[in-house]
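Participant: Sending over input18.pdb (PDB, C-alpha atoms).
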```
MODEL        1
ATOM      1  CA  MET A   1     -46.805  17.033  21.764
ATOM      2  CA  ASN A   2     -47.851  20.697  22.343
ATOM      3  CA  ASN A   3     -49.793  21.962  19.303
ATOM      4  CA  SER A   4     -48.724  25.529  20.016
ATOM      5  CA  ASN A   5     -45.225  24.644  18.781
ATOM      6  CA  LYS A   6     -46.592  24.039  15.303
ATOM      7  CA  LYS A   7     -48.128  27.533  14.888
ATOM      8  CA  ARG A   8     -46.247  29.978  12.713
ATOM      9  CA  PRO A   9     -45.790  33.508  14.074
ATOM     10  CA  SER A  10     -47.967  36.063  12.293
ATOM     11  CA  SER A  11     -46.441  39.119  10.643
ATOM     12  CA  SER A  12     -47.685  42.629  11.327
ATOM     13  CA  LYS A  13     -46.444  43.829   7.935
ATOM     14  CA  PRO A  14     -48.945  44.275   5.073
ATOM     15  CA  ASN A  15     -48.840  41.763   2.231
ATOM     16  CA  SER A  16     -47.336  44.258  -0.215
ATOM     17  CA  GLU A  17     -44.510  45.127   2.158
ATOM     18  CA  ARG A  18     -43.824  41.461   2.876
ATOM     19  CA  LYS A  19     -43.549  40.733  -0.870
ATOM     20  CA  LYS A  20     -41.197  43.651  -1.374
ATOM     21  CA  SER A  21     -39.028  42.531   1.526
ATOM     22  CA  ALA A  22     -38.914  38.962   0.198
ATOM     23  CA  SER A  23     -37.942  40.038  -3.296
ATOM     24  CA  SER A  24     -35.044  42.149  -2.002
ATOM     25  CA  SER A  25     -33.629  39.392   0.227
ATOM     26  CA  LYS A  26     -30.891  36.940  -0.788
ATOM     27  CA  PRO A  27     -31.977  33.716  -2.475
ATOM     28  CA  ALA A  28     -32.397  30.764  -0.122
ATOM     29  CA  MET A  29     -29.598  28.221   0.078
ATOM     30  CA  PRO A  30     -30.177  24.972  -1.760
ATOM     31  CA  LYS A  31     -31.596  22.252   0.456
ATOM     32  CA  ARG A  32     -28.368  20.257   0.267
ATOM     33  CA  ALA A  33     -26.344  23.256   1.439
ATOM     34  CA  GLN A  34     -28.675  23.769   4.387
ATOM     35  CA  ASN A  35     -28.011  20.262   5.625
ATOM     36  CA  ARG A  36     -24.274  20.413   5.030
ATOM     37  CA  LYS A  37     -22.164  19.984   8.144
ATOM     38  CA  PRO A  38     -19.709  22.727   9.018
ATOM     39  CA  VAL A  39     -16.199  22.088   7.737
ATOM     40  CA  VAL A  40     -13.636  21.562  10.478
ATOM     41  CA  LYS A  41     -10.089  22.503   9.588
ATOM     42  CA  LYS A  42      -7.538  19.731   9.950
ATOM     43  CA  ASP A  43      -5.414  21.854  12.249
ATOM     44  CA  SER A  44      -8.298  22.536  14.612
ATOM     45  CA  PRO A  45      -7.046  22.166  18.210
ATOM     46  CA  ASN A  46     -10.361  20.517  19.182
ATOM     47  CA  ILE A  47      -9.782  17.472  16.921
ATOM     48  CA  PRO A  48      -7.081  15.136  18.237
ATOM     49  CA  LYS A  49      -4.776  13.817  15.534
ATOM     50  CA  PRO A  50      -4.570  10.018  15.227
ATOM     51  CA  ILE A  51      -1.446   8.562  16.738
ATOM     52  CA  LYS A  52       0.417   6.090  14.557
ATOM     53  CA  SER A  53       1.100   2.899  16.442
ATOM     54  CA  ASP A  54       3.740   0.275  15.779
ATOM     55  CA  GLU A  55       1.882  -2.194  17.959
ATOM     56  CA  ILE A  56       0.605  -5.389  16.338
ATOM     57  CA  ARG A  57      -1.868  -8.004  17.526
ATOM     58  CA  LEU A  58      -0.143 -11.023  19.015
ATOM     59  CA  ASN A  59      -1.810 -13.554  16.704
ATOM     60  CA  LYS A  60      -0.778 -11.525  13.651
ATOM     61  CA  TYR A  61       2.786 -11.248  14.980
ATOM     62  CA  ILE A  62       2.914 -15.043  15.272
ATOM     63  CA  SER A  63       1.442 -15.484  11.792
ATOM     64  CA  ASN A  64       3.932 -13.006  10.324
ATOM     65  CA  SER A  65       6.760 -15.090  11.743
ATOM     66  CA  GLY A  66       5.590 -18.050   9.663
ATOM     67  CA  ALA A  67       4.942 -20.268  12.697
ATOM     68  CA  CYS A  68       1.262 -20.866  11.904
ATOM     69  CA  SER A  69      -1.919 -19.123  10.800
ATOM     70  CA  ARG A  70      -3.691 -16.502  12.905
ATOM     71  CA  ARG A  71      -6.472 -18.951  13.717
ATOM     72  CA  ASP A  72      -4.007 -21.547  14.987
ATOM     73  CA  ALA A  73      -2.124 -18.811  16.852
ATOM     74  CA  ASP A  74      -5.298 -18.026  18.794
ATOM     75  CA  ILE A  75      -5.416 -21.637  19.964
ATOM     76  CA  TYR A  76      -1.802 -21.493  21.148
ATOM     77  CA  ILE A  77      -2.479 -18.209  22.957
ATOM     78  CA  GLN A  78      -5.566 -19.554  24.726
ATOM     79  CA  SER A  79      -3.653 -22.638  25.841
ATOM     80  CA  GLY A  80      -0.927 -20.485  27.440
ATOM     81  CA  ASN A  81       1.863 -21.531  25.066
ATOM     82  CA  VAL A  82       2.790 -17.981  24.101
ATOM     83  CA  LYS A  83       4.890 -15.667  26.264
ATOM     84  CA  VAL A  84       5.706 -11.990  25.807
ATOM     85  CA  ASN A  85       8.753 -10.792  27.729
ATOM     86  CA  GLY A  86       8.647 -13.980  29.793
ATOM     87  CA  ILE A  87       4.986 -13.648  30.774
ATOM     88  CA  ALA A  88       2.354 -16.097  29.468
ATOM     89  CA  ILE A  89      -0.349 -14.258  27.525
ATOM     90  CA  THR A  90      -3.848 -15.716  27.177
ATOM     91  CA  GLU A  91      -5.632 -12.464  26.381
ATOM     92  CA  MET A  92      -7.125 -12.416  22.894
ATOM     93  CA  GLY A  93      -6.333  -9.158  21.116
ATOM     94  CA  TYR A  94      -3.160  -8.522  23.106
ATOM     95  CA  LYS A  95      -0.825  -6.190  21.196
ATOM     96  CA  VAL A  96       2.922  -6.590  20.897
ATOM     97  CA  LYS A  97       5.083  -3.465  21.132
ATOM     98  CA  PRO A  98       8.395  -2.822  19.353
ATOM     99  CA  GLY A  99      11.182  -4.479  21.317
ATOM    100  CA  ASP A 100       8.940  -7.126  22.906
ATOM    101  CA  VAL A 101      10.314 -10.672  22.905
ATOM    102  CA  VAL A 102       7.707 -13.226  21.869
ATOM    103  CA  ASN A 103       8.254 -16.856  22.772
ATOM    104  CA  PHE A 104       6.063 -19.293  20.846
ATOM    105  CA  ASP A 105       5.911 -22.870  22.093
ATOM    106  CA  GLY A 106       9.486 -22.636  23.392
ATOM    107  CA  ALA A 107      11.066 -20.691  20.515
ATOM    108  CA  VAL A 108      11.675 -16.959  20.106
ATOM    109  CA  LEU A 109       9.896 -15.580  17.047
ATOM    110  CA  THR A 110      11.158 -13.069  14.528
ATOM    111  CA  PRO A 111       8.396 -11.835  12.219
ATOM    112  CA  GLU A 112       9.199 -11.744   8.512
ATOM    113  CA  LYS A 113       7.938  -9.383   5.881
ATOM    114  CA  LYS A 114       5.278 -11.093   3.766
ATOM    115  CA  GLU A 115       6.542 -11.885   0.278
ATOM    116  CA  TYR A 116       4.792 -13.297  -2.785
ATOM    117  CA  ILE A 117       6.644 -14.779  -5.768
ATOM    118  CA  LEU A 118       4.977 -16.008  -8.960
ATOM    119  CA  LEU A 119       6.814 -18.687 -10.954
ATOM    120  CA  ASN A 120       6.114 -19.995 -14.452
ATOM    121  CA  LYS A 121       7.151 -23.561 -13.686
ATOM    122  CA  PRO A 122       8.859 -25.676 -16.369
ATOM    123  CA  LYS A 123       8.760 -29.479 -16.612
ATOM    124  CA  ASN A 124      10.913 -31.857 -14.566
ATOM    125  CA  PHE A 125      10.582 -29.901 -11.303
ATOM    126  CA  THR A 126       8.315 -30.974  -8.449
ATOM    127  CA  THR A 127       6.894 -29.414  -5.292
ATOM    128  CA  SER A 128       7.314 -32.662  -3.359
ATOM    129  CA  VAL A 129      10.279 -32.859  -0.991
ATOM    130  CA  GLU A 130       9.903 -36.647  -0.917
ATOM    131  CA  GLU A 131      10.681 -37.155  -4.618
ATOM    132  CA  VAL A 132      14.450 -36.893  -4.275
ATOM    133  CA  GLU A 133      14.986 -38.215  -7.805
ATOM    134  CA  HIS A 134      13.480 -34.999  -9.225
ATOM    135  CA  ARG A 135      14.635 -31.416  -8.792
ATOM    136  CA  ASN A 136      12.584 -29.238  -6.447
ATOM    137  CA  VAL A 137      10.865 -26.027  -7.545
ATOM    138  CA  SER A 138      12.626 -24.128  -4.757
ATOM    139  CA  GLU A 139      15.747 -24.170  -6.945
ATOM    140  CA  LEU A 140      13.968 -21.989  -9.494
ATOM    141  CA  ILE A 141      13.342 -19.107  -7.053
ATOM    142  CA  LYS A 142      16.690 -19.301  -5.304
ATOM    143  CA  GLY A 143      17.813 -15.763  -4.586
ATOM    144  CA  ALA A 144      14.284 -14.328  -4.854
ATOM    145  CA  SER A 145      14.101 -13.826  -1.089
ATOM    146  CA  ILE A 146      15.951 -14.553   2.131
ATOM    147  CA  ALA A 147      12.604 -15.589   3.641
ATOM    148  CA  SER A 148      11.482 -19.213   3.675
ATOM    149  CA  LEU A 149       8.870 -19.369   0.903
ATOM    150  CA  SER A 150       6.512 -22.283   0.320
ATOM    151  CA  PRO A 151       4.536 -23.125  -2.831
ATOM    152  CA  ILE A 152       0.749 -22.938  -2.699
ATOM    153  CA  GLY A 153      -0.526 -26.358  -3.689
ATOM    154  CA  ARG A 154       1.292 -29.208  -5.377
ATOM    155  CA  MET A 155       2.629 -29.714  -8.888
ATOM    156  CA  ASP A 156       4.196 -32.864 -10.260
ATOM    157  CA  LYS A 157       7.167 -32.834 -12.616
ATOM    158  CA  ASN A 158       5.005 -33.046 -15.750
ATOM    159  CA  THR A 159       2.694 -30.122 -14.884
ATOM    160  CA  THR A 160       3.809 -26.661 -15.969
ATOM    161  CA  GLY A 161       2.580 -23.122 -15.451
ATOM    162  CA  LEU A 162       1.838 -20.713 -12.650
ATOM    163  CA  LEU A 163       2.892 -21.539  -9.117
ATOM    164  CA  LEU A 164       2.704 -19.011  -6.287
ATOM    165  CA  PHE A 165       5.223 -18.986  -3.410
ATOM    166  CA  THR A 166       4.813 -17.086  -0.134
ATOM    167  CA  ASN A 167       5.625 -17.042   3.570
ATOM    168  CA  ASP A 168       2.084 -15.821   4.310
ATOM    169  CA  THR A 169       0.603 -18.806   6.138
ATOM    170  CA  ASP A 170      -2.906 -17.345   6.022
ATOM    171  CA  ILE A 171      -2.786 -17.198   2.217
ATOM    172  CA  ILE A 172      -1.332 -20.716   1.960
ATOM    173  CA  ARG A 173      -4.119 -22.076   4.123
ATOM    174  CA  LYS A 174      -6.776 -20.051   2.302
ATOM    175  CA  PHE A 175      -5.831 -21.364  -1.153
ATOM    176  CA  SER A 176      -5.422 -24.925   0.098
ATOM    177  CA  LEU A 177      -9.016 -25.271   1.327
ATOM    178  CA  PRO A 178     -11.220 -27.516  -0.845
ATOM    179  CA  ASN A 179     -14.042 -24.938  -0.875
ATOM    180  CA  GLN A 180     -11.907 -21.898  -1.727
ATOM    181  CA  LYS A 181     -13.255 -19.711  -4.526
ATOM    182  CA  SER A 182     -10.238 -18.764  -6.636
ATOM    183  CA  ALA A 183     -10.386 -19.964 -10.242
ATOM    184  CA  LYS A 184      -7.560 -21.703 -12.114
ATOM    185  CA  ILE A 185      -7.372 -22.089 -15.886
ATOM    186  CA  TYR A 186      -5.456 -24.958 -17.486
ATOM    187  CA  GLN A 187      -4.543 -25.721 -21.073
ATOM    188  CA  VAL A 188      -4.649 -29.474 -21.496
ATOM    189  CA  THR A 189      -3.154 -31.461 -24.370
ATOM    190  CA  LEU A 190      -4.759 -34.880 -24.983
ATOM    191  CA  ASP A 191      -3.579 -37.878 -26.992
ATOM    192  CA  LYS A 192      -6.584 -37.518 -29.322
ATOM    193  CA  ASN A 193      -9.367 -35.084 -30.163
ATOM    194  CA  LEU A 194     -11.931 -34.526 -27.429
ATOM    195  CA  LYS A 195     -15.384 -35.570 -28.585
ATOM    196  CA  PHE A 196     -17.981 -32.828 -28.340
ATOM    197  CA  GLU A 197     -20.352 -35.094 -26.384
ATOM    198  CA  ASP A 198     -17.577 -35.730 -23.844
ATOM    199  CA  LEU A 199     -16.938 -32.001 -23.596
ATOM    200  CA  GLU A 200     -20.624 -31.460 -22.783
ATOM    201  CA  LYS A 201     -20.577 -34.230 -20.178
ATOM    202  CA  ILE A 202     -17.552 -32.681 -18.462
ATOM    203  CA  GLN A 203     -19.233 -29.259 -18.522
ATOM    204  CA  SER A 204     -22.266 -30.689 -16.710
ATOM    205  CA  GLY A 205     -20.082 -32.135 -13.930
ATOM    206  CA  VAL A 206     -17.967 -35.213 -13.255
ATOM    207  CA  THR A 207     -18.069 -37.754 -10.433
ATOM    208  CA  LEU A 208     -14.609 -38.791  -9.243
ATOM    209  CA  ASP A 209     -14.159 -41.276  -6.399
ATOM    210  CA  GLY A 210     -17.734 -40.710  -5.321
ATOM    211  CA  HIS A 211     -17.400 -36.904  -5.223
ATOM    212  CA  ARG A 212     -19.221 -34.603  -7.626
ATOM    213  CA  LEU A 213     -16.891 -32.100  -9.261
ATOM    214  CA  TYR A 214     -18.262 -29.051 -11.071
ATOM    215  CA  VAL A 215     -16.355 -27.389 -13.892
ATOM    216  CA  ASP A 216     -16.741 -23.628 -14.378
ATOM    217  CA  GLU A 217     -15.885 -23.690 -18.089
ATOM    218  CA  ILE A 218     -14.448 -26.006 -20.702
ATOM    219  CA  SER A 219     -13.818 -25.325 -24.396
ATOM    220  CA  TYR A 220     -11.608 -26.074 -27.345
ATOM    221  CA  ILE A 221      -8.630 -23.742 -27.745
ATOM    222  CA  GLU A 222      -9.262 -21.306 -30.580
ATOM    223  CA  ASN A 223      -7.245 -21.975 -33.758
ATOM    224  CA  GLU A 224      -5.833 -25.199 -32.276
ATOM    225  CA  ALA A 225      -6.564 -28.887 -32.828
ATOM    226  CA  LYS A 226      -9.470 -30.445 -30.928
ATOM    227  CA  ASN A 227      -7.052 -32.154 -28.555
ATOM    228  CA  GLU A 228      -6.088 -28.747 -27.080
ATOM    229  CA  ILE A 229      -8.583 -27.965 -24.328
ATOM    230  CA  GLY A 230      -9.055 -25.050 -21.951
ATOM    231  CA  ILE A 231     -10.659 -25.865 -18.610
ATOM    232  CA  LYS A 232     -11.489 -23.587 -15.673
ATOM    233  CA  LEU A 233     -12.187 -24.923 -12.192
ATOM    234  CA  ARG A 234     -11.639 -24.021  -8.542
ATOM    235  CA  THR A 235     -10.146 -27.127  -6.977
ATOM    236  CA  PRO A 236      -6.598 -26.599  -5.629
ATOM    237  CA  ASN A 237      -5.604 -30.143  -6.642
ATOM    238  CA  VAL A 238      -3.894 -30.256 -10.047
ATOM    239  CA  LYS A 239      -4.231 -34.045 -10.198
ATOM    240  CA  VAL A 240      -7.977 -33.597 -10.609
ATOM    241  CA  VAL A 241      -7.403 -32.051 -14.055
ATOM    242  CA  ARG A 242      -5.771 -35.236 -15.322
ATOM    243  CA  ALA A 243      -8.349 -37.419 -13.582
ATOM    244  CA  ILE A 244     -11.244 -35.660 -15.360
ATOM    245  CA  PHE A 245     -10.022 -36.585 -18.835
ATOM    246  CA  GLU A 246      -8.730 -40.010 -17.840
ATOM    247  CA  ASN A 247     -12.253 -40.712 -16.594
ATOM    248  CA  PHE A 248     -13.356 -40.416 -20.248
ATOM    249  CA  LYS A 249     -10.541 -42.655 -21.533
ATOM    250  CA  TYR A 250      -8.190 -39.898 -22.736
ATOM    251  CA  THR A 251      -4.476 -39.814 -22.016
ATOM    252  CA  VAL A 252      -3.233 -36.427 -20.840
ATOM    253  CA  ILE A 253      -0.028 -35.412 -22.591
ATOM    254  CA  LYS A 254       0.438 -32.004 -20.988
ATOM    255  CA  VAL A 255      -1.159 -29.762 -18.328
ATOM    256  CA  ASP A 256      -0.217 -26.078 -18.237
ATOM    257  CA  ARG A 257      -1.727 -23.712 -15.651
ATOM    258  CA  VAL A 258      -2.161 -20.423 -17.516
ATOM    259  CA  ALA A 259      -4.103 -18.504 -14.839
ATOM    260  CA  PHE A 260      -4.193 -18.695 -11.049
ATOM    261  CA  ALA A 261      -6.428 -16.518  -8.838
ATOM    262  CA  GLY A 262      -6.496 -13.717 -11.414
ATOM    263  CA  LEU A 263      -2.740 -13.939 -12.112
ATOM    264  CA  THR A 264      -1.562 -14.751 -15.644
ATOM    265  CA  LYS A 265       1.656 -15.709 -17.453
ATOM    266  CA  LYS A 266       1.832 -12.389 -19.283
ATOM    267  CA  ASN A 267       5.469 -11.256 -19.637
ATOM    268  CA  LEU A 268       6.611 -14.235 -17.566
ATOM    269  CA  PRO A 269       8.605 -16.737 -19.684
ATOM    270  CA  ARG A 270       8.841 -20.388 -18.681
ATOM    271  CA  GLY A 271      11.280 -20.893 -15.800
ATOM    272  CA  ASN A 272      11.167 -17.230 -14.728
ATOM    273  CA  TRP A 273       9.645 -15.652 -11.627
ATOM    274  CA  ARG A 274       8.529 -12.209 -10.463
ATOM    275  CA  ALA A 275       7.239 -10.573  -7.273
ATOM    276  CA  LEU A 276       3.551  -9.715  -7.088
ATOM    277  CA  THR A 277       2.543  -6.071  -7.259
ATOM    278  CA  GLU A 278       0.854  -4.388  -4.309
ATOM    279  CA  GLN A 279      -2.476  -4.458  -6.159
ATOM    280  CA  GLU A 280      -2.137  -8.180  -6.939
ATOM    281  CA  ILE A 281      -1.473  -8.886  -3.255
ATOM    282  CA  ILE A 282      -4.596  -6.956  -2.304
ATOM    283  CA  ASN A 283      -6.603  -8.884  -4.895
ATOM    284  CA  ILE A 284      -5.613 -12.343  -3.692
ATOM    285  CA  LYS A 285      -6.229 -11.376  -0.062
ATOM    286  CA  ASN A 286      -9.739 -10.212  -0.926
ATOM    287  CA  MET A 287     -10.728 -13.420  -2.722
TER     288      MET A 287
ENDMDL
END
```
Will you turn the file into structure tokens for me?
Facilitator:
Amino acid sequence: MNNSNKKRPSSSKPNSERKKSASSSKPAMPKRAQNRKPVVKKDSPNIPKPIKSDEIRLNKYISNSGACSRRDADIYIQSGNVKVNGIAITEMGYKVKPGDVVNFDGAVLTPEKKEYILLNKPKNFTTSVEEVEHRNVSELIKGASIASLSPIGRMDKNTTGLLLFTNDTDIIRKFSLPNQKSAKIYQVTLDKNLKFEDLEKIQSGVTLDGHRLYVDEISYIENEAKNEIGIKLRTPNVKVVRAIFENFKYTVIKVDRVAFAGLTKKNLPRGNWRALTEQEIINIKNM
């Protein structure tokens, strides 16, 4: 580097004149203001305005139709089982335009708007379609949507509480994974008081069928008998809740899910349902 560039130019003015000139000049701008970038007006002709696009990625279009998740859609696309306007598409990231006809594995797809319904499930309804002797939970949300909604997870006829329905296959898959992180809180009623030593053993972890299960929290319900227990864990399988206490020789009288992935039963009476708010949808997607 040339050292001459570092030299400051000398002034021919006397010191007294330089001081007088400095004192009469405007105060220097704050350092932050000196580094501030010039403001460009929004209507500047040099800045192109973003163009809103109605195009959507092909895998998302397929997922929105309820056919499968985005990840599975990618597999179908790569294998050549997806056509757009009669042409097989194998390009990842391909975008579908309004009016395009998408054929997925031989069927034309129509994407649905994603909907999310929260139900406070009563007893004597089941999520299983195989148990024909019991009424299905789908009856309880009849009229909530014209879309085909599926429950997230399973609930037997004796389990009550929060059950989320959606046609968002990505969310269904996400909350069905064994390692998913969303917490569920259950209020459990036992046939007898839970011994404190058993409570501590459950808190430290339980081995069921050779698998170690960790419990986030467990406690007695405040102002209730010692057979009313609150337990918080992350497994999507409700049957595990019963199995934990049965492992310690307790009979479970009732299981009520009072919280699911940050959602609660507040202002939602038993047997009623409601749509999730926009913020609640954002929250569950970010979990």
Participant: Point out the residue among A:Leu190, A:Ala67, A:Ile62, A:Val238 with the least atom-to-atom distance to Leu163 of chain A, counting only C-alpha atoms.
Facilitator: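 Using only C-alpha atoms, the shortest distance to Leu163 of chain A belongs to A:Val238.
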Participant: Point out the residue among A:Ile202, A:Ser79, A:Val96, A:Ile284 with the least atom-to-atom distance to Arg57 of chain A, counting all atoms listed in the file.
Facilitator: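 The answer is A:Val96, which sits nearest to Arg57 of chain A.
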Participant: Taking only C-alpha atoms into account, name the residue in A:Lys95, A:Tyr76, A:Asn120, A:Glu55 that is nearest to Asn272 of chain A.
Facilitator: A:Asn120
Participant: Under the PyMOL selection byres ((chain A and resi 73) around 9), which residues of this model are included? Write them out as a list in words.
Facilitator: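 Those residues are Leu58, Asn59, Lys60, Ile62, Ser63, Ala67, Cys68, Ser69, Arg70, Arg71, Asp72, Asp74, Ile75, Tyr76, Ile77, Gln78 and Val82 of chain A.
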Participant: Give me, please, the distance in Å between atom CA of Asp209 of chain A and atom CA of Lys174 of chain A, quoted to one decimal.
Facilitator: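 Spanning atom CA of Asp209 of chain A to atom CA of Lys174 of chain A is a straight-line distance of 24.1 Å.
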Participant: With the PyMOL selection byres ((chain A and resi 256-268) around 8) as the selection, what would be picked from this file? Answer as a list of chain:residue names, please.
Facilitator: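 Matching residues under the PyMOL selection byres ((chain A and resi 256-268) around 8) are A:Leu119, A:Asn120, A:Thr159, A:Thr160, A:Gly161, A:Leu162, A:Leu163, A:Ser182, A:Ala183, A:Lys184, A:Ile185, A:Tyr186, A:Gln187, A:Val188, A:Lys254, A:Val255, A:Pro269, A:Arg270, A:Asn272, A:Trp273, A:Arg274, A:Glu280, A:Ile284.
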Participant: Please indicate the distance in Å from atom CA of Asp156 of chain A to atom CA of Lys113 of chain A, rounded to one decimal place.
Facilitator: 28.7 Å
Participant: Within 10 Å of Asn179 of chain A, counting all atoms listed in the file, which residues qualify if same-chain residues fewer than 5 places away don't, as a list in words?
Facilitator: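 The contact residues come out as Lys174, Arg234, Thr235 and Pro236 of chain A.
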Participant: State, in Å with one decimal place, the distance from atom CA of Leu208 of chain A to atom CA of Asn247 of chain A.
Facilitator: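 Separation of atom CA of Leu208 of chain A and atom CA of Asn247 of chain A: 8.0 Å.
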Participant: Around the point (14.7, -22.5, 6.8), in the coordinates given by the file, pick out the residues reaching within 12 Å, counting only C-alpha atoms, and return them as a list in words.
Facilitator: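 The residues near that point, listed by chain and number, are Ser65, Gly66, Ala67, Ser138, Ser145, Ile146, Ala147, Ser148, Leu149, Ser150 and Asn167 of chain A.
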Participant: Save out the residues we just selected, C-alpha atoms, as a PDB file, keeping the file's coordinate frame.
Facilitator:
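Dumped to again_6.pdb:
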```pdb
ATOM      1  CA  SER A  65       6.760 -15.090  11.743  1.00  0.00           C
ATOM      2  CA  GLY A  66       5.590 -18.050   9.663  1.00  0.00           C
ATOM      3  CA  ALA A  67       4.942 -20.268  12.697  1.00  0.00           C
ATOM      4  CA  SER A 138      12.626 -24.128  -4.757  1.00  0.00           C
ATOM      5  CA  SER A 145      14.101 -13.826  -1.089  1.00  0.00           C
ATOM      6  CA  ILE A 146      15.951 -14.553   2.131  1.00  0.00           C
ATOM      7  CA  ALA A 147      12.604 -15.589   3.641  1.00  0.00           C
ATOM      8  CA  SER A 148      11.482 -19.213   3.675  1.00  0.00           C
ATOM      9  CA  LEU A 149       8.870 -19.369   0.903  1.00  0.00           C
ATOM     10  CA  SER A 150       6.512 -22.283   0.320  1.00  0.00           C
ATOM     11  CA  ASN A 167       5.625 -17.042   3.570  1.00  0.00           C
TER      12      ASN A 167
END
```
